[in-house]
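Note: the block below is data.txt and it holds compact mmCIF, C-alpha atoms.
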```
# COMPACT_ATOMS: atom_id res chain seq x y z
CA MET A 1314 85.70 -88.93 34.32
CA THR A 1315 83.77 -86.86 36.78
CA ALA A 1316 80.58 -84.88 36.63
CA PRO A 1317 80.99 -81.13 36.18
CA ASP A 1318 80.03 -80.38 39.78
CA SER A 1319 79.75 -82.01 43.19
CA ARG A 1320 76.51 -83.86 42.40
CA ASP A 1321 76.61 -87.59 41.81
CA PRO A 1322 76.24 -88.37 38.09
CA LEU A 1323 72.78 -89.36 36.91
CA LEU A 1324 74.33 -91.63 34.27
CA GLU A 1325 77.77 -93.18 34.40
CA ILE A 1326 79.23 -95.33 31.61
CA ALA A 1327 82.74 -96.68 32.21
CA ASP A 1328 85.13 -98.98 30.29
CA LEU A 1329 82.34 -100.08 27.95
CA VAL A 1330 83.15 -102.67 25.30
CA VAL A 1331 80.54 -103.64 22.67
CA GLU A 1332 81.34 -106.23 20.01
CA PHE A 1333 79.49 -107.55 16.96
CA ALA A 1334 80.02 -110.95 15.38
CA THR A 1335 80.27 -110.64 11.58
CA ASP A 1336 81.21 -112.95 8.71
CA GLY A 1337 84.57 -111.19 8.64
CA GLY A 1338 85.22 -111.73 12.33
CA LEU A 1339 84.58 -109.88 15.57
CA VAL A 1340 84.08 -106.11 15.29
CA ARG A 1341 84.63 -103.98 18.40
CA ALA A 1342 82.31 -101.02 17.87
CA VAL A 1343 82.93 -99.52 21.33
CA ASP A 1344 86.38 -100.05 22.82
CA GLY A 1345 86.53 -99.00 26.47
CA ALA A 1346 84.48 -95.80 26.13
CA GLY A 1347 82.69 -94.01 28.92
CA TYR A 1348 81.31 -90.70 30.17
CA THR A 1349 79.12 -89.25 32.90
CA VAL A 1350 76.06 -87.00 32.79
CA ALA A 1351 75.02 -84.88 35.78
CA PRO A 1352 71.38 -84.08 36.62
CA GLY A 1353 70.13 -81.26 34.41
CA GLU A 1354 73.30 -81.20 32.29
CA THR A 1355 73.47 -81.34 28.50
CA LEU A 1356 76.36 -83.45 27.22
CA GLY A 1357 77.31 -83.36 23.53
CA VAL A 1358 78.82 -86.53 22.05
CA VAL A 1359 80.56 -85.92 18.71
CA GLY A 1360 82.61 -87.86 16.19
CA GLU A 1361 82.55 -89.22 12.66
CA SER A 1362 80.17 -91.97 11.58
CA GLY A 1363 81.31 -95.28 13.05
CA SER A 1364 82.95 -93.71 16.09
CA GLY A 1365 80.65 -95.56 18.50
CA LYS A 1366 78.44 -92.65 19.58
CA SER A 1367 75.06 -94.27 18.97
CA VAL A 1368 76.14 -97.79 19.99
CA THR A 1369 77.25 -96.47 23.38
CA ALA A 1370 73.83 -94.89 23.94
CA MET A 1371 72.01 -98.02 22.75
CA ALA A 1372 74.08 -100.08 25.18
CA ALA A 1373 73.06 -97.77 28.02
CA LEU A 1374 69.41 -98.47 27.20
CA GLY A 1375 69.90 -102.23 26.95
CA LEU A 1376 69.12 -102.20 23.23
CA ILE A 1377 72.14 -104.13 21.93
CA ARG A 1378 70.82 -107.30 20.30
CA PRO A 1379 72.61 -110.33 18.78
CA PRO A 1380 74.93 -110.49 16.92
CA GLY A 1381 76.03 -107.60 19.18
CA ARG A 1382 76.85 -107.96 22.86
CA ILE A 1383 78.32 -105.99 25.73
CA THR A 1384 81.42 -107.84 26.82
CA SER A 1385 82.55 -105.57 29.68
CA GLY A 1386 82.02 -102.22 31.33
CA ARG A 1387 79.77 -100.47 33.80
CA ILE A 1388 76.47 -98.68 33.13
CA VAL A 1389 74.90 -97.04 36.19
CA PHE A 1390 71.75 -94.89 36.16
CA ASP A 1391 70.83 -93.04 39.36
CA GLY A 1392 72.80 -95.57 41.41
CA ALA A 1393 71.29 -98.66 39.72
CA ASP A 1394 73.45 -101.06 37.69
CA LEU A 1395 71.69 -101.35 34.33
CA ARG A 1396 73.85 -104.28 33.21
CA THR A 1397 72.30 -106.47 35.90
CA ALA A 1398 68.77 -105.03 35.57
CA SER A 1399 66.04 -107.42 34.48
CA PRO A 1400 64.24 -106.95 31.13
CA ARG A 1401 61.17 -105.82 33.09
CA GLU A 1402 63.18 -103.17 34.97
CA LEU A 1403 64.70 -101.91 31.71
CA ARG A 1404 61.27 -101.65 30.07
CA ARG A 1405 60.06 -99.63 33.07
CA LEU A 1406 62.99 -97.21 32.69
CA ARG A 1407 62.84 -96.88 28.89
CA GLY A 1408 60.20 -94.36 27.93
CA GLY A 1409 59.77 -93.49 31.60
CA ARG A 1410 62.80 -92.10 33.42
CA ILE A 1411 65.00 -92.50 30.33
CA ALA A 1412 63.73 -91.48 26.89
CA MET A 1413 65.36 -91.50 23.48
CA ILE A 1414 64.78 -89.51 20.33
CA PHE A 1415 65.96 -91.83 17.59
CA GLN A 1416 67.79 -90.84 14.45
CA ASP A 1417 65.07 -91.67 11.90
CA PRO A 1418 61.55 -90.64 12.94
CA MET A 1419 59.98 -92.59 10.06
CA THR A 1420 61.29 -95.96 11.22
CA SER A 1421 60.75 -95.10 14.89
CA PHE A 1422 56.96 -95.15 14.50
CA ASN A 1423 54.74 -98.14 13.76
CA PRO A 1424 53.38 -97.36 10.27
CA VAL A 1425 50.00 -99.09 10.88
CA LEU A 1426 49.11 -97.22 14.07
CA SER A 1427 48.05 -93.58 14.28
CA ILE A 1428 50.36 -91.03 15.82
CA GLY A 1429 47.85 -90.43 18.61
CA ALA A 1430 47.61 -94.14 19.45
CA GLN A 1431 51.40 -94.39 19.73
CA VAL A 1432 51.84 -91.33 21.93
CA ALA A 1433 48.93 -92.47 24.12
CA GLU A 1434 50.45 -95.96 24.39
CA ALA A 1435 53.73 -94.48 25.65
CA LEU A 1436 51.73 -92.71 28.38
CA ARG A 1437 49.62 -95.69 29.45
CA LEU A 1438 52.58 -98.08 29.60
CA HIS A 1439 54.06 -96.02 32.41
CA ARG A 1440 50.83 -94.74 33.97
CA PRO A 1441 48.59 -97.80 34.42
CA GLY A 1442 45.79 -95.79 36.02
CA LEU A 1443 45.45 -93.42 33.06
CA SER A 1444 42.28 -93.96 31.00
CA ARG A 1445 42.27 -94.16 27.22
CA ALA A 1446 40.45 -90.84 27.04
CA GLY A 1447 42.90 -89.25 29.47
CA ALA A 1448 45.87 -90.57 27.50
CA ARG A 1449 44.42 -89.24 24.27
CA GLU A 1450 43.82 -85.83 25.83
CA ARG A 1451 47.37 -85.70 27.14
CA ALA A 1452 48.69 -86.82 23.73
CA ALA A 1453 46.93 -83.85 22.12
CA GLU A 1454 48.44 -81.52 24.74
CA LEU A 1455 51.94 -82.90 24.06
CA LEU A 1456 51.59 -82.52 20.27
CA THR A 1457 50.40 -78.96 20.78
CA LEU A 1458 53.36 -78.29 23.08
CA VAL A 1459 55.86 -79.37 20.40
CA GLY A 1460 54.19 -77.27 17.73
CA VAL A 1461 52.04 -79.73 15.78
CA PRO A 1462 49.14 -77.62 14.42
CA ASP A 1463 45.54 -78.80 14.85
CA ALA A 1464 46.81 -81.53 17.17
CA ARG A 1465 43.46 -83.12 18.03
CA ARG A 1466 42.67 -83.79 14.39
CA ARG A 1467 46.19 -84.99 13.61
CA LEU A 1468 46.07 -87.55 16.40
CA ARG A 1469 44.13 -89.71 13.94
CA GLN A 1470 46.74 -89.45 11.21
CA TYR A 1471 49.43 -92.02 10.45
CA PRO A 1472 53.20 -91.46 10.33
CA HIS A 1473 53.28 -91.27 6.52
CA GLU A 1474 50.83 -88.35 6.67
CA PHE A 1475 53.32 -86.28 8.70
CA SER A 1476 56.25 -84.46 7.13
CA GLY A 1477 59.76 -85.29 8.34
CA GLY A 1478 59.82 -82.28 10.63
CA MET A 1479 56.37 -83.07 12.04
CA ARG A 1480 57.34 -86.70 12.66
CA GLN A 1481 60.37 -85.49 14.59
CA ARG A 1482 58.09 -83.21 16.64
CA ALA A 1483 55.78 -86.14 17.38
CA LEU A 1484 58.78 -88.26 18.38
CA ILE A 1485 59.89 -85.55 20.82
CA ALA A 1486 56.34 -85.41 22.22
CA MET A 1487 56.47 -89.16 22.83
CA ALA A 1488 59.93 -88.88 24.42
CA ILE A 1489 58.84 -86.23 26.94
CA ALA A 1490 55.44 -87.79 27.63
CA ASN A 1491 56.49 -89.20 31.01
CA ASP A 1492 58.76 -86.36 32.18
CA PRO A 1493 62.05 -88.27 31.83
CA ASP A 1494 65.08 -87.60 34.01
CA LEU A 1495 67.40 -88.38 31.07
CA LEU A 1496 66.79 -87.64 27.40
CA ILE A 1497 69.06 -89.14 24.74
CA ALA A 1498 68.80 -87.41 21.35
CA ASP A 1499 70.54 -89.36 18.57
CA GLU A 1500 71.24 -87.09 15.58
CA PRO A 1501 67.87 -85.35 16.05
CA THR A 1502 68.33 -83.00 13.07
CA THR A 1503 69.59 -85.54 10.50
CA ALA A 1504 67.91 -85.31 7.06
CA LEU A 1505 65.95 -82.18 8.00
CA ASP A 1506 66.26 -78.90 6.15
CA VAL A 1507 67.96 -75.99 7.87
CA THR A 1508 64.76 -74.25 8.94
CA VAL A 1509 63.30 -77.42 10.45
CA GLN A 1510 66.63 -78.18 12.14
CA ALA A 1511 66.44 -74.85 13.95
CA GLN A 1512 62.88 -75.59 15.03
CA VAL A 1513 63.86 -79.03 16.39
CA LEU A 1514 66.75 -77.50 18.35
CA ASP A 1515 64.31 -74.99 19.84
CA LEU A 1516 62.12 -77.94 20.85
CA ILE A 1517 65.03 -79.60 22.61
CA ARG A 1518 65.58 -76.38 24.57
CA LEU A 1519 61.87 -76.35 25.39
CA THR A 1520 62.10 -79.98 26.52
CA ARG A 1521 64.91 -79.12 28.90
CA ARG A 1522 62.86 -76.29 30.40
CA GLU A 1523 59.67 -78.36 30.66
CA THR A 1524 61.20 -81.51 32.16
CA GLY A 1525 64.54 -80.43 33.67
CA ALA A 1526 65.96 -83.58 32.10
CA ALA A 1527 69.64 -84.23 31.66
CA THR A 1528 70.36 -84.58 27.93
CA VAL A 1529 72.84 -86.59 25.90
CA LEU A 1530 73.02 -84.97 22.46
CA ILE A 1531 74.65 -87.30 19.92
CA THR A 1532 75.63 -85.49 16.73
CA HIS A 1533 78.28 -84.89 14.11
CA ASP A 1534 77.31 -81.20 14.03
CA LEU A 1535 79.70 -79.20 16.19
CA GLY A 1536 77.57 -76.10 15.76
CA VAL A 1537 74.67 -77.84 17.51
CA VAL A 1538 76.96 -78.82 20.38
CA ALA A 1539 78.29 -75.26 20.71
CA GLU A 1540 74.74 -73.97 20.88
CA LEU A 1541 73.17 -76.47 23.29
CA ALA A 1542 75.73 -78.42 25.32
CA ASP A 1543 77.51 -77.74 28.61
CA ARG A 1544 80.24 -80.32 28.06
CA VAL A 1545 81.42 -82.31 25.07
CA VAL A 1546 82.80 -85.83 24.60
CA VAL A 1547 84.76 -86.49 21.40
CA MET A 1548 84.79 -90.11 20.19
CA TYR A 1549 87.02 -91.76 17.62
CA ALA A 1550 87.22 -95.46 16.63
CA GLY A 1551 85.08 -96.54 19.56
CA ARG A 1552 86.98 -94.58 22.21
CA VAL A 1553 86.70 -91.24 23.97
CA VAL A 1554 89.68 -89.15 22.85
CA GLU A 1555 88.83 -85.88 24.61
CA HIS A 1556 86.24 -84.40 26.93
CA GLY A 1557 85.66 -81.16 28.79
CA PRO A 1558 83.55 -77.98 28.95
CA VAL A 1559 82.34 -76.91 25.52
CA ALA A 1560 83.85 -73.42 25.55
CA GLU A 1561 87.26 -74.74 26.58
CA ILE A 1562 87.32 -77.60 24.08
CA PHE A 1563 86.25 -75.36 21.22
CA GLY A 1564 88.62 -72.60 22.26
CA ALA A 1565 91.70 -74.77 22.85
CA PRO A 1566 91.37 -78.43 21.79
CA ARG A 1567 93.92 -80.80 23.33
CA HIS A 1568 93.64 -83.71 20.95
CA PRO A 1569 94.69 -83.58 17.28
CA TYR A 1570 91.42 -85.18 16.18
CA THR A 1571 89.33 -82.54 17.95
CA ARG A 1572 91.54 -79.86 16.45
CA GLY A 1573 91.00 -81.40 13.01
CA LEU A 1574 87.22 -81.48 13.44
CA LEU A 1575 87.17 -77.80 14.38
CA ALA A 1576 89.53 -76.83 11.55
CA SER A 1577 87.26 -78.52 9.02
CA LEU A 1578 84.36 -76.19 9.87
CA PRO A 1579 83.69 -73.10 7.74
CA ARG A 1580 84.36 -69.81 9.55
CA LEU A 1581 82.63 -66.49 9.04
CA ASP A 1582 85.89 -64.62 9.72
CA ASP A 1583 87.82 -66.56 7.05
CA ASP A 1584 87.79 -64.54 3.80
CA ALA A 1585 89.36 -67.40 1.83
CA GLY A 1586 86.51 -69.75 2.74
CA ALA A 1587 88.78 -72.79 2.39
CA LEU A 1588 88.14 -75.82 4.60
CA THR A 1589 90.91 -77.96 6.08
CA PRO A 1590 89.82 -81.59 5.91
CA ILE A 1591 91.32 -84.34 8.07
CA PRO A 1592 93.40 -86.53 5.72
CA GLY A 1593 92.78 -90.26 5.45
CA THR A 1594 89.96 -92.33 6.91
CA PRO A 1595 89.20 -93.92 10.29
CA PRO A 1596 90.24 -97.55 10.88
CA ALA A 1597 87.98 -100.09 9.20
CA PRO A 1598 85.60 -101.96 11.52
CA GLY A 1599 87.45 -104.88 13.04
CA GLU A 1600 90.88 -103.58 12.01
CA ALA A 1601 93.51 -104.25 14.68
CA VAL A 1602 95.44 -101.11 15.63
CA ALA A 1603 98.59 -101.45 17.74
CA GLY A 1604 99.03 -97.81 18.74
CA CYS A 1605 96.87 -94.72 18.56
CA PRO A 1606 93.99 -95.26 16.09
CA PHE A 1607 94.33 -91.66 14.90
CA ALA A 1608 98.09 -91.87 14.25
CA PRO A 1609 97.84 -92.52 10.46
CA ARG A 1610 95.91 -89.22 10.07
CA CYS A 1611 97.76 -87.15 12.67
CA ALA A 1612 100.33 -84.44 11.92
CA LEU A 1613 101.80 -84.85 15.43
CA ALA A 1614 102.25 -88.63 15.20
CA ARG A 1615 105.63 -90.12 16.11
CA GLU A 1616 106.96 -93.63 16.56
CA ARG A 1617 105.49 -93.94 20.05
CA CYS A 1618 102.03 -93.26 18.63
CA ARG A 1619 102.32 -96.23 16.25
CA THR A 1620 103.22 -98.72 18.97
CA GLU A 1621 101.65 -97.48 22.22
CA ARG A 1622 97.98 -96.66 22.60
CA PRO A 1623 97.47 -93.51 24.72
CA GLY A 1624 95.07 -93.61 27.63
CA LEU A 1625 92.69 -90.84 28.59
CA ALA A 1626 94.63 -88.56 30.94
CA ALA A 1627 93.88 -85.26 32.64
CA SER A 1628 94.78 -82.27 30.48
CA GLY A 1629 93.43 -79.58 32.79
CA PRO A 1630 90.66 -79.06 35.34
CA ARG A 1631 87.62 -81.12 34.24
CA ARG A 1632 89.40 -81.97 30.99
CA ALA A 1633 91.06 -85.09 29.58
CA SER A 1634 92.81 -86.06 26.34
CA ALA A 1635 93.96 -89.39 24.90
CA CYS A 1636 97.11 -88.06 23.22
CA HIS A 1637 100.73 -88.75 24.20
CA PHE A 1638 101.65 -85.21 23.21
CA HIS A 1639 98.67 -83.17 24.41
CA PRO A 1640 100.99 -80.94 26.51
CA GLU A 1641 102.32 -79.60 23.20
CA LEU A 1642 98.79 -78.55 22.25
CA VAL A 1643 98.39 -76.92 25.66
CA GLN A 1644 101.63 -75.02 25.05
CA GLU A 1645 100.45 -73.93 21.59
CA GLY A 1646 97.28 -72.52 23.16
CA THR A 1647 99.39 -70.67 25.72
CA ASP A 1648 101.65 -69.21 23.03
CA ASP A 1649 98.77 -67.97 20.83
```
Spit out the file's structure as structure tokens when you get a sec.
Amino acid sequence: MTAPDSRDPLLEIADLVVEFATDGGLVRAVDGAGYTVAPGETLGVVGESGSGKSVTAMAALGLIRPPGRITSGRIVFDGADLRTASPRELRRLRGGRIAMIFQDPMTSFNPVLSIGAQVAEALRLHRPGLSRAGARERAAELLTLVGVPDARRRLRQYPHEFSGGMRQRALIAMAIANDPDLLIADEPTTALDVTVQAQVLDLIRLTRRETGAATVLITHDLGVVAELADRVVVMYAGRVVEHGPVAEIFGAPRHPYTRGLLASLPRLDDDAGALTPIPGTPPAPGEAVAGCPFAPRCALARERCRTERPGLAASGPRRASACHFHPELVQEGTDD
């Protein structure tokens, strides 16, 4: 894959394989996946639970721990090979040039330390010359920036004293504390009510404006991707099955799985209000699949799909699809 313009990618993940040893055998959670992110770009990564979205991001940050391991692939950030980086180098990057907003803000904070202490610690780890008082002052400024009311008083409070939405705000404050070049947001609106979700999305926009950071937005919510992302990567069973500019992918998908995801969304212009679910279920973890993993659920599937796994091939300028018959979907879009 290539970045959406002539700039070198800030992050490049290629041919990544991540496996986990389980009692039932070896599970390949990521199976040759990869994507690039350009400076300042927002990339949406979508797919069902278990598709490998979060594991790919965790691998990029060096956070895969036993029984998991990266068995092959390339992870390059700003020209540096992260797979060969030392633990010290990775710690310097994490929370500094690369920041992550994790899926569950409750488990992302230490429950026995105040919110202020944790945001200040994130600052001082990457700014050794910053005093405790200076870090605390900056922590209050960051909490104010992300909309935490009465921030100076709430610095003393503990994670359990914050609501879910406020914890997510505090987590975003910690993520942007050191002006990262790359922000990875893993399901940032999960388990939040609709109003709070909208507020968190506004904060992510604010973060982009404040820091200029490139953003990887991992989500199952296609509406969020349509609203925030420049490009989208669609993952299924540990692989990338389609990628391209958001407007083009949403307007004319060139993989049956992407088409199924979009068809399953409710539409305001559909008077019937009926949803079209994707039949069947994804392959079980560790299940060996000879051909295309999506074939058992695909209306286009033929014999070739059951025996030959399709590779990711160009399906247009800046677009690619892992479907043997994606030209038929291109033709359908032309005929519409």
Of the listed residues A:Arg1521, A:Asp1492, A:Ala1526, A:Val1537, that which approaches Val1507 in chain A most closely, counting only C-alpha atoms: A:Val1537
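The nearest approach to Ile1531 in chain A among the residues A:Ala1452, A:Ala1612, A:Met1413, A:Ile1377, with all atoms listed in the file taken into account, belongs to A:Met1413.
Here CA of Met1548 in chain A is placed at a distance of 6.1 Å from CA of Val1359 in chain A.
Counting all atoms listed in the file, the residue from A:Ala1448, A:Met1371, A:Ile1326, A:Leu1613 that sits nearest to Asp1391 in chain A is A:Ile1326.
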Between CA of Arg1410 in chain A and CA of Lys1366 in chain A lies a distance of 20.9 Å
Got a sec: who's within 12 Å of Arg1518 in chain A, counting all atoms listed in the file, leaving out chain neighbours fewer than 2 positions off, as a PyMOL selection string? chain A and resi 1353-1355+1459+1485+1496+1498+1511-1516+1520-1528+1530+1537+1540-1542
For range 1445-1448 of chain A, what centre and edge lengths in Å (one decimal) does the axis-aligned box get once 3 Å is added on each side of all its listed atoms, as lines of an AutoDock Vina configuration file?
```
center_x = 43.2
center_y = -91.7
center_z = 28.3
size_x = 11.4
size_y = 10.9
size_z = 8.4
```
Calculated over only C-alpha atoms, which of the candidates A:Ala1412, A:Val1553, A:Ala1398, A:Leu1323 has the smallest distance to Gly1365 in chain A? A:Val1553
Go through range 1357-1402 of chain A residue by residue and, counting all atoms listed in the file, keep those with an atom at most 12 Å from range 1569-1578 of chain A; for each kept residue give the shortest atom pair and its distance in Å to one decimal, ordered by chain and increasing number, as JSON lines.
```
{"residue": "A:Val1358", "atom": "CA", "partner": "A:Thr1571", "partner_atom": "CA", "distance": 12.0}
{"residue": "A:Val1359", "atom": "CA", "partner": "A:Thr1571", "partner_atom": "CA", "distance": 9.4}
{"residue": "A:Gly1360", "atom": "CA", "partner": "A:Leu1574", "partner_atom": "CA", "distance": 8.3}
{"residue": "A:Glu1361", "atom": "CA", "partner": "A:Leu1574", "partner_atom": "CA", "distance": 9.1}
```
Would you list the contacts of Val1432 in chain A as a PyMOL selection string, taking every protein, DNA or RNA residue within 8 Å and counting only C-alpha atoms, but skipping same-chain residues closer than 6 positions in sequence? chain A and resi 1452+1483+1486-1487+1490
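For the residues A:Asp1328, A:Glu1434, A:Asp1417, A:Glu1500, ranking by smallest atom-to-atom distance to Gly1386 in chain A using all atoms listed in the file places A:Asp1328 first.
These residues, each with an atom at most 8 Å from (67.3, -89.0, 15.7) using all atoms listed in the file, are A:Ile1414, A:Phe1415, A:Gln1416, A:Asp1417, A:Pro1418, A:Gln1481, A:Ala1498, A:Asp1499, A:Glu1500, A:Pro1501, A:Thr1502, A:Thr1503.
Taking CA of Gln1510 in chain A and CA of Ala1539 in chain A as the two end points, the separation is 14.8 Å.
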Where atoms are missing, can you supply all heavy atoms for range 1416-1425 of chain A and output the lot as a compact mmCIF listing (two decimals), in the frame of the given file?
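Below is the file out_39.txt, written as the result:
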```
# COMPACT_ATOMS: atom_id res chain seq x y z
N GLN A 1416 67.23 -91.56 15.58
CA GLN A 1416 67.79 -90.84 14.45
C GLN A 1416 66.80 -90.67 13.31
O GLN A 1416 66.75 -89.64 12.67
CB GLN A 1416 69.03 -91.61 13.97
CG GLN A 1416 69.93 -90.83 13.06
CD GLN A 1416 71.25 -91.56 12.86
OE1 GLN A 1416 71.71 -91.67 11.74
NE2 GLN A 1416 71.85 -92.04 13.91
N ASP A 1417 65.98 -91.70 13.05
CA ASP A 1417 65.07 -91.67 11.90
C ASP A 1417 63.64 -91.75 12.40
O ASP A 1417 63.16 -92.82 12.79
CB ASP A 1417 65.36 -92.86 10.97
CG ASP A 1417 64.51 -92.83 9.71
OD1 ASP A 1417 63.60 -91.98 9.63
OD2 ASP A 1417 64.76 -93.65 8.81
N PRO A 1418 62.91 -90.63 12.40
CA PRO A 1418 61.55 -90.64 12.94
C PRO A 1418 60.59 -91.51 12.14
O PRO A 1418 59.59 -91.96 12.68
CB PRO A 1418 61.14 -89.17 12.90
CG PRO A 1418 62.02 -88.53 11.89
CD PRO A 1418 63.31 -89.28 11.94
N MET A 1419 60.89 -91.77 10.86
CA MET A 1419 59.98 -92.59 10.06
C MET A 1419 60.00 -94.03 10.54
O MET A 1419 58.96 -94.67 10.70
CB MET A 1419 60.35 -92.52 8.57
CG MET A 1419 59.31 -93.18 7.67
SD MET A 1419 57.69 -92.37 7.78
CE MET A 1419 56.64 -93.57 6.98
N THR A 1420 61.20 -94.57 10.80
CA THR A 1420 61.29 -95.96 11.22
C THR A 1420 61.07 -96.12 12.72
O THR A 1420 61.00 -97.25 13.22
CB THR A 1420 62.66 -96.55 10.84
OG1 THR A 1420 63.70 -95.76 11.44
CG2 THR A 1420 62.86 -96.55 9.33
N SER A 1421 60.98 -95.01 13.45
CA SER A 1421 60.75 -95.10 14.89
C SER A 1421 59.27 -95.28 15.23
O SER A 1421 58.93 -95.67 16.35
CB SER A 1421 61.27 -93.83 15.58
OG SER A 1421 62.66 -93.70 15.38
N PHE A 1422 58.39 -94.97 14.29
CA PHE A 1422 56.96 -95.15 14.50
C PHE A 1422 56.47 -96.42 13.82
O PHE A 1422 57.01 -96.85 12.80
CB PHE A 1422 56.18 -93.95 13.93
CG PHE A 1422 56.24 -92.71 14.77
CD1 PHE A 1422 56.96 -91.61 14.36
CD2 PHE A 1422 55.56 -92.64 15.98
CE1 PHE A 1422 57.02 -90.45 15.13
CE2 PHE A 1422 55.61 -91.49 16.77
CZ PHE A 1422 56.35 -90.40 16.34
N ASN A 1423 55.42 -97.02 14.40
CA ASN A 1423 54.74 -98.14 13.76
C ASN A 1423 53.87 -97.58 12.64
O ASN A 1423 52.98 -96.76 12.90
CB ASN A 1423 53.88 -98.87 14.79
CG ASN A 1423 53.27 -100.14 14.25
OD1 ASN A 1423 52.95 -100.24 13.07
ND2 ASN A 1423 53.09 -101.12 15.11
N PRO A 1424 54.11 -97.99 11.38
CA PRO A 1424 53.38 -97.36 10.27
C PRO A 1424 51.90 -97.67 10.23
O PRO A 1424 51.14 -96.99 9.53
CB PRO A 1424 54.09 -97.93 9.03
CG PRO A 1424 54.69 -99.22 9.49
CD PRO A 1424 55.07 -99.00 10.92
N VAL A 1425 51.42 -98.70 10.97
CA VAL A 1425 50.00 -99.09 10.88
C VAL A 1425 49.20 -98.58 12.08
O VAL A 1425 48.01 -98.90 12.19
CB VAL A 1425 49.85 -100.62 10.74
CG1 VAL A 1425 50.55 -101.11 9.49
CG2 VAL A 1425 50.38 -101.34 11.97
```
